[in-house]
Each structure stands twice: as structure tokens, then as C-alpha cells.
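Student: Could you have a look at this structure, given as C-alpha cells, before my questions?
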Amino acid sequence: MKKLQKGFTLIELMIVIAIIGILAAIAIPAYGDYVARSQVSEAFVMMDGVKVGVAEECINTGTCVASITAANIPSFPTGKYASVTAISANGVITATMAGNPPTSALVAGATFTMTPTLNAASITWACVGAGFTGTGNYVPRSCT
């Protein structure tokens, strides 16, 4: 009489564990970049809110503003990972990432700026980021 084997052999289980280990080694760094990009998006969402007031003032007066009162903004917005920290003389909006956890170490303390360019009847915005750790570019693709 023959015995039927049931279950997996040790070799088969070791192969499965090795495959899971390789997939995890690839996924963990990609997840870190994803977390950093999602946290940076909070800064750009807050800057978009301020951008409306600055753009309105630029179009109405023909020059961009240097204060939050001129742009009819009651205060600079602050979020969990970032906060808008300034509107400079030419309407340049600056946001700074928080420097402590839970902000990702890849973008902690980084700054992002949106610079307006006043055209005949519209405004175009240019985005720049600085202060990253590592080689990643965490500025959203929608920024030029």
C-alpha cells in the first residue's frame, strides 16, 4: 500500500518565503516615496487656497501682493504635515513641511514655492521645491 503525501515540503515553503522577501524588498522603498509625495500634496492643496486670493489681487490691481491682508486671507493655513508660511513681495507663496514626525524624513523641513507670472488677463504659476533628503523630486507633476 502506498502512502499519499499531504502538505508542502520544506523546500516549497522556503521558496515561497524567499519570493515574499524579494517582493517586500522592492515594495518598502517605493512605499516611502509614496508617503512623502502624499504629504507634500497637503502643502500644495493649502497653497492652492492662498493662490486664489493672490491671483485675484494681482488681476485687480495689476501687481501682486506682499501680505495676507491684501490678498483677503485671514491667516496662513496650517495642516498636519505642512503650513503656508509666507507671501513675498511679488506674490510668491511659500509652504514649509513640518520638521518632526509624522512627516516623512525624505521631505521634513523642505520648502515649496509657487511664483505667479502676471499675463495680460491671466496668471501662470511656477512651482519649485527645495530641501529634500535623497534624490527624489516630490513636487507634483502638475507643477512646471
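Convention: chains lettered A, B, ... in C-alpha cells order; per-chain residue numbering from 1; ligands numbered from 1 as shown.
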Would you mind listing what lies within 9 Å of Ser41 of chain A as an MDAnalysis selection string, with only C-alpha atoms counted and same-chain residues fewer than 4 positions away left out?

Tutor: chainID A and resid 36:37 45:46 138:140

Student: Write out, as a short mmCIF file (atom, residue, chain, number, x, y, z; two decimals), in the first residue's frame, the residues just selected, with N, CA and C atoms.

Tutor:
```cif
data_model
loop_
_atom_site.label_atom_id
_atom_site.label_comp_id
_atom_site.auth_asym_id
_atom_site.auth_seq_id
_atom_site.Cartn_x
_atom_site.Cartn_y
_atom_site.Cartn_z
N ALA A 36 5.90 60.18 1.16
CA ALA A 36 6.45 61.54 1.05
C ALA A 36 5.66 62.37 0.05
N ARG A 37 5.34 61.80 -1.11
CA ARG A 37 4.56 62.54 -2.12
C ARG A 37 3.16 62.90 -1.60
N VAL A 45 -2.10 71.70 -1.70
CA VAL A 45 -3.53 71.96 -1.54
C VAL A 45 -3.72 73.26 -0.75
N MET A 46 -2.94 73.45 0.31
CA MET A 46 -3.05 74.68 1.09
C MET A 46 -2.60 75.90 0.28
N TYR A 138 9.75 65.58 -5.24
CA TYR A 138 8.43 65.38 -4.67
C TYR A 138 7.43 66.46 -5.07
N VAL A 139 7.84 67.38 -5.95
CA VAL A 139 6.92 68.40 -6.46
C VAL A 139 5.93 67.69 -7.39
N PRO A 140 4.63 67.96 -7.26
CA PRO A 140 3.66 67.28 -8.12
C PRO A 140 3.92 67.53 -9.60
#
```

Student: Between A:Ala18, A:Val84, A:Ala55, A:Leu4, which is the closest to Ala70 of chain A once you count only C-alpha atoms?

Tutor: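 That would be A:Ala55, the residue with the smallest distance to Ala70 of chain A.
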
Student: Write out as a ChimeraX atom specification the set of residues from segment 33-111 of chain A that DSSP, computed on the backbone, places in helix (DSSP H, G or I).

Tutor: /A:33-61

Student: List the neighbours of Cys58 of chain A out to 9 Å using only C-alpha atoms; skip same-chain residues closer than 4 positions along the sequence, and give me the result as a list in words.

Tutor: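 Those residues are Gly53, Val54, Gly62, Thr63, Cys64, Val65, Ala71, Gly91, Pro116, Leu118 and Ile123 of chain A.
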
Student: Fewer than 4 positions away in the same chain doesn't count, so skip those; otherwise give me all residues within 12 Å of Lys80 of chain A, counting only C-alpha atoms, as a PDB file with C-alpha atoms, in the first residue's frame.

Tutor:
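Result file selection_23.pdb:
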```
ATOM      1  CA  SER A  38       1.196  62.287  -0.373  1.00  0.00           C
ATOM      2  CA  GLN A  39       2.416  64.507   2.474  1.00  0.00           C
ATOM      3  CA  VAL A  40       3.774  67.092   0.022  1.00  0.00           C
ATOM      4  CA  SER A  41       0.389  67.178  -1.704  1.00  0.00           C
ATOM      5  CA  GLU A  42      -1.046  68.667   1.503  1.00  0.00           C
ATOM      6  CA  ALA A  43       1.282  71.673   1.120  1.00  0.00           C
ATOM      7  CA  MET A  46      -3.052  74.685   1.088  1.00  0.00           C
ATOM      8  CA  VAL A  84       1.918  78.074   4.321  1.00  0.00           C
ATOM      9  CA  THR A  96       7.204  74.567   4.637  1.00  0.00           C
ATOM     10  CA  MET A  97       6.969  70.926   5.628  1.00  0.00           C
ATOM     11  CA  ALA A  98       6.984  70.130   9.351  1.00  0.00           C
ATOM     12  CA  GLY A  99      10.345  69.039  10.681  1.00  0.00           C
ATOM     13  CA  ASN A 100       9.196  66.335  13.061  1.00  0.00           C
ATOM     14  CA  PRO A 101       7.231  63.068  12.843  1.00  0.00           C
ATOM     15  CA  PRO A 102       4.788  62.131  11.413  1.00  0.00           C
ATOM     16  CA  THR A 103       6.290  63.933   8.397  1.00  0.00           C
ATOM     17  CA  SER A 104       8.461  61.639   6.262  1.00  0.00           C
TER      18      SER A 104
END
```

Student: To one decimal place, how far is atom CA of Met47 of chain A from atom CA of Ser142 of chain A in Å?

Tutor: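 Calculated distance between atom CA of Met47 of chain A and atom CA of Ser142 of chain A is 13.6 Å.
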
Student: To one decimal place, how far is atom CA of Gly109 of chain A from atom CA of Gly131 of chain A in Å?

Tutor: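 Between atom CA of Gly109 of chain A and atom CA of Gly131 of chain A the gap works out to 6.7 Å.
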
Student: Identify, on the basis of only C-alpha atoms, every residue whose closest approach to Ile93 of chain A does not exceed 10 Å; exclude the query and any residue fewer than 4 positions from it along the same chain; express the result as a ChimeraX atom specification.

Tutor: /A:47-48,50-51,54,66,84-89,112-116,127

Student: Please compute the atom CA of Asn137 of chain A-atom CA of Tyr31 of chain A distance, one decimal, in Å.

Tutor: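 Distance between the two atoms: 14.8 Å.
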
Student: Measuring atom to atom with only C-alpha atoms, identify which of A:Val16, A:Cys143, A:Ile59, A:Ala130 is nearest to Val107 of chain A.

Tutor: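 The shortest atom-to-atom distance to Val107 of chain A comes from A:Ala130.
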
Student: If DSSP is run on the backbone, what residues of segment 37-117 of chain A are strand (DSSP E or B)? A reply as a PyMOL selection string would be ideal.

Tutor: chain A and resi 78+82-87+93-97+111-117
